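In what follows, a single structure is set out as structure tokens and then discussed.
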Amino acid sequence: MVQLKEIINSIFNSKSYLVQYEQSHVYLIDCGDIEPIVKWCKENEKVIKGVFITHSHFDHIYGLNELIDYYPNCVVYVSRESKEALYSDRLNFSLYHEKSFVFLGDHVRLLEDGDKVELWKDLYLEVIATPGHAKGCLCYKIDHYLFTGDAYIPGIKTVTTLRGGNKEDNEKSLAKIRSLLSADTVVCAGHAIK
């Protein structure tokens with residue numbers, strides 16, 4: 001059975017999720033504050049094998065360099081459109097905040113709509129392209145969990161006014177996301193709502 005550990009990060013209450021399934025390795029969805037991630041992994045004797053980025057705005061990626069320091073074999077999964085922003089503080093918007101962020105690693109694997117990544121034997125992550133909030137937004141479906149990043153936060157209007165956002169694309173993406181929802185779907189959004 002898939003289990004989650006949700007972490008609410010210090011910047012904009014963005015969320016990261018640790019995903020586990022009975023084995024020694026786990027996966028991470030988005031990467032903010034590294035301390036609670038590493039602490040949980042040490043306490044539970046887990047190693048992070050990969051991190052799936054929903055989009056590359058800095059509040060979802062700022063812990064990546066430290067993550068790779070702790071787990072040098074960890075693969076960063078990202079859309080083609082989001083990859084460039086990993087390496088640009090202007091494109092990931094960290095230039096306009098307190099601390100600039102640029103990813104220093106190179107273990108990056110590109111994903112696109114419809115890809116399936118085997119996480120554990122017979123358990124796959126499905127990639128769903130959902131542009132609108134940002135050009136390279138991806139949602140991820142694992143079992144009955146749907147990780148939506150900022151593409152869909154229940155009860156909140158999606159922000160499309162930042163560079164790379166597009167209102168028309170967002171409407172199509174929201175329709176796509178809604179078509180994936182069923183009675184047992186657990187939506188794991190990119191921010192905690194107060």
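Letters for chains follow the order of the structure tokens (A, B, ...), residue numbers begin at 1 for each chain, and ligand numbers begin at 1 in the order shown.
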Problem set entry | Contacts of stretch 72-78 of chain A within 6 Å, only C-alpha atoms, excl. fewer than 5 positions in-chain, as a VMD selection string | chain A and resid 49 to 53 107 to 111
For this session: Would you please extract all strand (DSSP E) residues from stretch 1-53 of chain A, as assigned by DSSP on the backbone, and give them as JSON, numbers by chain?
Result: {"A": [3, 4, 5, 6, 7, 8, 15, 16, 17, 18, 19, 20, 25, 26, 27, 28, 29, 47, 48, 49, 50, 51, 52]}
Problem set entry | Distance query stretch 35-47 of chain A at most 9 Å, only C-alpha atoms, self and fewer than 5 positions along chain excluded, as JSON, numbers by chain | {"A": [5, 7, 16, 17, 18, 20, 23, 24, 25, 26, 27, 28, 67, 70, 71, 74]}
Could you please take those selected residues and save C-alpha atoms as a tab-separated table (two decimals), in the first residue's frame?
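Saved to out.tsv:
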```
chain	number	residue	atom	x	y	z
A	5	LYS	CA	4.45	11.86	4.38
A	7	ILE	CA	5.73	18.30	4.55
A	16	SER	CA	6.57	18.33	-0.53
A	17	TYR	CA	5.46	14.71	-0.35
A	18	LEU	CA	7.50	11.62	0.46
A	20	GLN	CA	6.80	5.09	0.12
A	23	GLN	CA	10.86	-0.95	0.32
A	24	SER	CA	13.98	0.89	1.39
A	25	HIS	CA	13.74	3.66	-1.18
A	26	VAL	CA	11.21	6.47	-1.42
A	27	TYR	CA	10.36	9.19	-3.91
A	28	LEU	CA	9.79	12.88	-3.34
A	67	LEU	CA	18.89	17.00	-1.46
A	70	TYR	CA	22.49	13.98	0.87
A	71	TYR	CA	21.40	11.61	-1.92
A	74	CYS	CA	18.82	10.87	-6.71
```
Problem set entry | Atomic separation - atom CA of A:Ile153 relative to atom CA of A:Trp120, Å |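 Pair atom CA of A:Trp120 / atom CA of A:Ile153 returns 27.6 Å.
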For this session: Would you kindly return, as a PyMOL selection string, each protein, DNA or RNA residue with an atom no farther than 8 Å from any atom of A:Asn166, considering only C-alpha atoms and excluding same-chain residues fewer than 3 positions away?
Result: chain A and resi 131-135+160-161+169-170
